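Q: Here it is, the structure in full.
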Protein chains: 2
Amino acid sequence: MTILDQVLKANHHFVDNLPPEYDDAGDTSKKPNKHLAIFTCMDTRLVDFLEPALGIKRGEAKVIKNAGNSVTGPFEATIRSLIVGIFELDVKEVMIIGHYDCGVAHSSSQGLVNKMLARGISPDAIKMVADEMEAWLDTFHHPWDNVEHVVAKIRSNPLIPLDIPIHGLIFNPKTGEIEVVVNGYQGIMK
Amino acid sequence: MTILDQVLKANHHFVDNLPPEYDDAGDTSKKPNKHLAIFTCMDTRLVDFLEPALGIKRGEAKVIKNAGNSVTGPFEATIRSLIVGIFELDVKEVMIIGHYDCGVAHSSSQGLVNKMLARGISPDAIKMVADEMEAWLDTFHHPWDNVEHVVAKIRSNPLIPLDIPIHGLIFNPKTGEIEVVVNGYQGIMK
């Protein structure tokens, strides 16, 4: 069975036997009732693990994810998402959550380029993004440092209100434990 | 109690009473064992709902999320994340999953700018991103169309191998039901 068919079959079964905790008659709001946005990594070990480990349930937080919870520009997708969350959907606090053993920290632009060329990707297309790839992958050395960096980038972005705390946390994908990297309440302008 | 303290308290309790389904002795791989990457929306109604509705568990898929599962450039964060997934982490299929009643479809750049100005955000900082904000928010009219658009953008991106199926799906955030917008196997080059 294809993966698409597996997912559709699982979905039919789920919908036909909707677990009672999800049977809210459509009343869950799109505004997170904990007024929280979480920005974290796409890592597969965090799926169905990070949110329960934080005690976060459906309806409580916006969740944004990309490879390495990275921010590379002042209006890229994560910043845009936070802006919509803050100004339209009542988000009042932000948590940046990196994790130990992040794949991005183990990647290099040269290694990635070699794999892309080996798969037949156009060298000219790769050249068009080589500088951006280097700036992203070759500066990401440790998930802890990246959390500090991303918190600082978002904190200093003039599109983000100064009264929104930006917390930095790091997650252990084996044990589920969270540590505080940056307490966003410190120095907050209220 | 602050939201940060709530999360830390919930986390201590979780770690001290680790549910048996998460007690894998750290053996879950960072490579998704269903070889799948999912790109979906940050919507709070999807948190702890979309993955179970698809039958996707920890360790099975990469999950990328932003506001409106939007792609705005040929090497922005989602494309970068997919590239790392495909070339470094053994991703073999991609699912773009929009959802009905998406907040981004109800937003406009002018409405967002007005809210930002009212909160005291610098008019000059807003001017720096006004064109990008328009190109993003004012062209997003319906989540179904956006899924078609994003599938086409990713399918035609020369950095994405042609043998990777790019599926398009749409999710009902009330019932949990999935519909197929684009079957990525059609026309796939194997």
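In the structure tokens, each chain is lettered A, B, ... as it comes, each chain's residues begin at 1, and ligands are numbered from 1 in order of appearance.
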With a cut-off of 6 Å and counting only C-alpha atoms, select all residues of chain B in contact with chain A and give the selection as a list in words.
A: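 The contacting residues on chain B are Val7, Ala10, Asn11, Phe14, Gly26, Lys30, Pro32, Met42, Asp43, Thr44, Arg45, Val47, Asp48, Ala53, Leu54, Gly55, Arg58, Gly59, Ala61, Lys62, Val63, Ile64, Lys65, Asn66, Ala67, Ser81 and Lys174 of chain B.
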Q: List every residue of segment 76-129 of chain A that DSSP, applied to the backbone, labels as alpha helix (DSSP H), and write the result as a list in words.
A: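 Taking segment 76-129 of chain A and keeping alpha helix (DSSP H) gives Ala77, Thr78, Ile79, Arg80, Ser81, Leu82, Ile83, Val84, Gly85, Ile86, Phe87, Glu88, Ser109, Gln110, Gly111, Leu112, Val113, Asn114, Lys115, Met116, Leu117, Ala118, Pro123, Asp124, Ala125, Ile126, Lys127, Met128 and Val129 of chain A.
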Q: Restrict the selected residues to C-alpha atoms and save them as a PDB file, in the first residue's frame.
A:
```
ATOM      1  CA  ALA A  77       8.296  32.551   6.954  1.00  0.00           C
ATOM      2  CA  THR A  78       8.752  32.204  10.714  1.00  0.00           C
ATOM      3  CA  ILE A  79       8.764  35.967  11.282  1.00  0.00           C
ATOM      4  CA  ARG A  80       5.672  36.335   9.068  1.00  0.00           C
ATOM      5  CA  SER A  81       3.981  33.540  11.009  1.00  0.00           C
ATOM      6  CA  LEU A  82       4.801  35.160  14.361  1.00  0.00           C
ATOM      7  CA  ILE A  83       3.499  38.505  13.097  1.00  0.00           C
ATOM      8  CA  VAL A  84       0.164  36.995  12.045  1.00  0.00           C
ATOM      9  CA  GLY A  85       0.036  35.194  15.397  1.00  0.00           C
ATOM     10  CA  ILE A  86       0.796  38.312  17.450  1.00  0.00           C
ATOM     11  CA  PHE A  87      -1.284  40.895  15.577  1.00  0.00           C
ATOM     12  CA  GLU A  88      -4.217  38.777  14.396  1.00  0.00           C
ATOM     13  CA  SER A 109      26.741  23.081   2.722  1.00  0.00           C
ATOM     14  CA  GLN A 110      29.490  21.178   0.881  1.00  0.00           C
ATOM     15  CA  GLY A 111      28.164  17.815   2.038  1.00  0.00           C
ATOM     16  CA  LEU A 112      24.636  18.747   1.015  1.00  0.00           C
ATOM     17  CA  VAL A 113      25.769  20.075  -2.370  1.00  0.00           C
ATOM     18  CA  ASN A 114      27.649  16.843  -3.048  1.00  0.00           C
ATOM     19  CA  LYS A 115      24.528  14.795  -2.300  1.00  0.00           C
ATOM     20  CA  MET A 116      22.397  17.049  -4.519  1.00  0.00           C
ATOM     21  CA  LEU A 117      24.835  16.769  -7.437  1.00  0.00           C
ATOM     22  CA  ALA A 118      24.967  12.977  -6.994  1.00  0.00           C
ATOM     23  CA  PRO A 123      24.599  22.626 -10.747  1.00  0.00           C
ATOM     24  CA  ASP A 124      23.320  26.000 -11.938  1.00  0.00           C
ATOM     25  CA  ALA A 125      20.257  25.857  -9.678  1.00  0.00           C
ATOM     26  CA  ILE A 126      22.547  24.965  -6.762  1.00  0.00           C
ATOM     27  CA  LYS A 127      24.843  27.899  -7.575  1.00  0.00           C
ATOM     28  CA  MET A 128      21.861  30.238  -7.289  1.00  0.00           C
ATOM     29  CA  VAL A 129      21.445  29.331  -3.599  1.00  0.00           C
TER      30      VAL A 129
END
```
Q: Mind checking DSSP for chain B and telling me the strand (DSSP E) residues as a ChimeraX atom specification?
A: /B:36-41,61-66,93-99,166-171,178-182
Q: Write a file of the selected residues as a PDB file, in the first residue's frame, keeping N, CA and C atoms.
A:
```
ATOM      1  N   LEU B  36       8.721  10.215   5.108  1.00  0.00           N
ATOM      2  CA  LEU B  36       7.708  11.212   4.763  1.00  0.00           C
ATOM      3  C   LEU B  36       8.040  12.563   5.396  1.00  0.00           C
ATOM      4  N   ALA B  37       7.831  13.637   4.603  1.00  0.00           N
ATOM      5  CA  ALA B  37       7.830  14.999   5.164  1.00  0.00           C
ATOM      6  C   ALA B  37       6.446  15.583   4.954  1.00  0.00           C
ATOM      7  N   ILE B  38       5.908  16.176   6.012  1.00  0.00           N
ATOM      8  CA  ILE B  38       4.599  16.843   5.969  1.00  0.00           C
ATOM      9  C   ILE B  38       4.834  18.332   6.132  1.00  0.00           C
ATOM     10  N   PHE B  39       4.204  19.125   5.265  1.00  0.00           N
ATOM     11  CA  PHE B  39       4.276  20.587   5.407  1.00  0.00           C
ATOM     12  C   PHE B  39       2.859  21.090   5.600  1.00  0.00           C
ATOM     13  N   THR B  40       2.614  21.701   6.759  1.00  0.00           N
ATOM     14  CA  THR B  40       1.256  22.102   7.093  1.00  0.00           C
ATOM     15  C   THR B  40       1.242  23.441   7.813  1.00  0.00           C
ATOM     16  N   CYS B  41       0.089  23.793   8.376  1.00  0.00           N
ATOM     17  CA  CYS B  41      -0.126  25.129   8.947  1.00  0.00           C
ATOM     18  C   CYS B  41       0.135  25.131  10.447  1.00  0.00           C
ATOM     19  N   ALA B  61       7.639  10.814  10.593  1.00  0.00           N
ATOM     20  CA  ALA B  61       7.634  11.871   9.569  1.00  0.00           C
ATOM     21  C   ALA B  61       8.318  13.124  10.096  1.00  0.00           C
ATOM     22  N   LYS B  62       8.936  13.866   9.185  1.00  0.00           N
ATOM     23  CA  LYS B  62       9.321  15.249   9.463  1.00  0.00           C
ATOM     24  C   LYS B  62       8.063  16.091   9.372  1.00  0.00           C
ATOM     25  N   VAL B  63       7.919  17.080  10.237  1.00  0.00           N
ATOM     26  CA  VAL B  63       6.763  17.978  10.149  1.00  0.00           C
ATOM     27  C   VAL B  63       7.249  19.424  10.139  1.00  0.00           C
ATOM     28  N   ILE B  64       6.914  20.131   9.061  1.00  0.00           N
ATOM     29  CA  ILE B  64       7.260  21.543   8.862  1.00  0.00           C
ATOM     30  C   ILE B  64       5.955  22.329   8.938  1.00  0.00           C
ATOM     31  N   LYS B  65       5.978  23.483   9.626  1.00  0.00           N
ATOM     32  CA  LYS B  65       4.746  24.265   9.783  1.00  0.00           C
ATOM     33  C   LYS B  65       5.040  25.749   9.672  1.00  0.00           C
ATOM     34  N   ASN B  66       4.174  26.470   8.972  1.00  0.00           N
ATOM     35  CA  ASN B  66       4.166  27.924   9.089  1.00  0.00           C
ATOM     36  C   ASN B  66       2.744  28.436   8.881  1.00  0.00           C
ATOM     37  N   GLU B  93       8.807  11.034   0.146  1.00  0.00           N
ATOM     38  CA  GLU B  93       7.534  11.608  -0.308  1.00  0.00           C
ATOM     39  C   GLU B  93       7.229  12.841   0.542  1.00  0.00           C
ATOM     40  N   VAL B  94       6.477  13.765  -0.070  1.00  0.00           N
ATOM     41  CA  VAL B  94       6.129  15.017   0.616  1.00  0.00           C
ATOM     42  C   VAL B  94       4.612  15.193   0.560  1.00  0.00           C
ATOM     43  N   MET B  95       4.025  15.598   1.692  1.00  0.00           N
ATOM     44  CA  MET B  95       2.594  15.940   1.713  1.00  0.00           C
ATOM     45  C   MET B  95       2.437  17.391   2.143  1.00  0.00           C
ATOM     46  N   ILE B  96       1.794  18.196   1.272  1.00  0.00           N
ATOM     47  CA  ILE B  96       1.428  19.564   1.622  1.00  0.00           C
ATOM     48  C   ILE B  96      -0.009  19.500   2.141  1.00  0.00           C
ATOM     49  N   ILE B  97      -0.219  19.913   3.379  1.00  0.00           N
ATOM     50  CA  ILE B  97      -1.556  19.755   3.972  1.00  0.00           C
ATOM     51  C   ILE B  97      -2.093  21.113   4.433  1.00  0.00           C
ATOM     52  N   GLY B  98      -2.987  21.695   3.633  1.00  0.00           N
ATOM     53  CA  GLY B  98      -3.706  22.891   4.062  1.00  0.00           C
ATOM     54  C   GLY B  98      -4.915  22.494   4.893  1.00  0.00           C
ATOM     55  N   HIS B  99      -5.674  23.502   5.318  1.00  0.00           N
ATOM     56  CA  HIS B  99      -6.902  23.184   6.071  1.00  0.00           C
ATOM     57  C   HIS B  99      -7.946  24.249   5.816  1.00  0.00           C
ATOM     58  N   ILE B 166       4.988  14.767  -4.709  1.00  0.00           N
ATOM     59  CA  ILE B 166       4.534  15.906  -3.890  1.00  0.00           C
ATOM     60  C   ILE B 166       3.007  15.849  -3.868  1.00  0.00           C
ATOM     61  N   HIS B 167       2.443  15.378  -2.769  1.00  0.00           N
ATOM     62  CA  HIS B 167       0.988  15.272  -2.651  1.00  0.00           C
ATOM     63  C   HIS B 167       0.409  16.563  -2.076  1.00  0.00           C
ATOM     64  N   GLY B 168      -0.827  16.856  -2.462  1.00  0.00           N
ATOM     65  CA  GLY B 168      -1.546  17.979  -1.861  1.00  0.00           C
ATOM     66  C   GLY B 168      -2.802  17.475  -1.185  1.00  0.00           C
ATOM     67  N   LEU B 169      -3.006  17.861   0.075  1.00  0.00           N
ATOM     68  CA  LEU B 169      -4.172  17.402   0.842  1.00  0.00           C
ATOM     69  C   LEU B 169      -4.804  18.589   1.548  1.00  0.00           C
ATOM     70  N   ILE B 170      -6.070  18.432   1.926  1.00  0.00           N
ATOM     71  CA  ILE B 170      -6.691  19.473   2.734  1.00  0.00           C
ATOM     72  C   ILE B 170      -7.404  18.809   3.906  1.00  0.00           C
ATOM     73  N   PHE B 171      -7.312  19.492   5.053  1.00  0.00           N
ATOM     74  CA  PHE B 171      -7.746  18.934   6.343  1.00  0.00           C
ATOM     75  C   PHE B 171      -8.918  19.747   6.865  1.00  0.00           C
ATOM     76  N   ILE B 178      -9.520  14.251   5.909  1.00  0.00           N
ATOM     77  CA  ILE B 178      -8.546  14.627   4.884  1.00  0.00           C
ATOM     78  C   ILE B 178      -9.152  14.391   3.495  1.00  0.00           C
ATOM     79  N   GLU B 179      -8.930  15.321   2.569  1.00  0.00           N
ATOM     80  CA  GLU B 179      -9.270  15.101   1.161  1.00  0.00           C
ATOM     81  C   GLU B 179      -8.006  15.278   0.313  1.00  0.00           C
ATOM     82  N   VAL B 180      -7.968  14.563  -0.795  1.00  0.00           N
ATOM     83  CA  VAL B 180      -6.818  14.669  -1.705  1.00  0.00           C
ATOM     84  C   VAL B 180      -7.058  15.818  -2.684  1.00  0.00           C
ATOM     85  N   VAL B 181      -6.141  16.769  -2.727  1.00  0.00           N
ATOM     86  CA  VAL B 181      -6.190  17.876  -3.699  1.00  0.00           C
ATOM     87  C   VAL B 181      -5.341  17.514  -4.927  1.00  0.00           C
ATOM     88  N   VAL B 182      -4.147  17.007  -4.667  1.00  0.00           N
ATOM     89  CA  VAL B 182      -3.240  16.591  -5.744  1.00  0.00           C
ATOM     90  C   VAL B 182      -2.651  15.229  -5.371  1.00  0.00           C
TER      91      VAL B 182
END
```
Q: So what do you get for atom CA of Phe140 of chain B versus atom CA of Val151 of chain A, distance-wise?
A: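 These atoms are spaced 28.8 Å apart.
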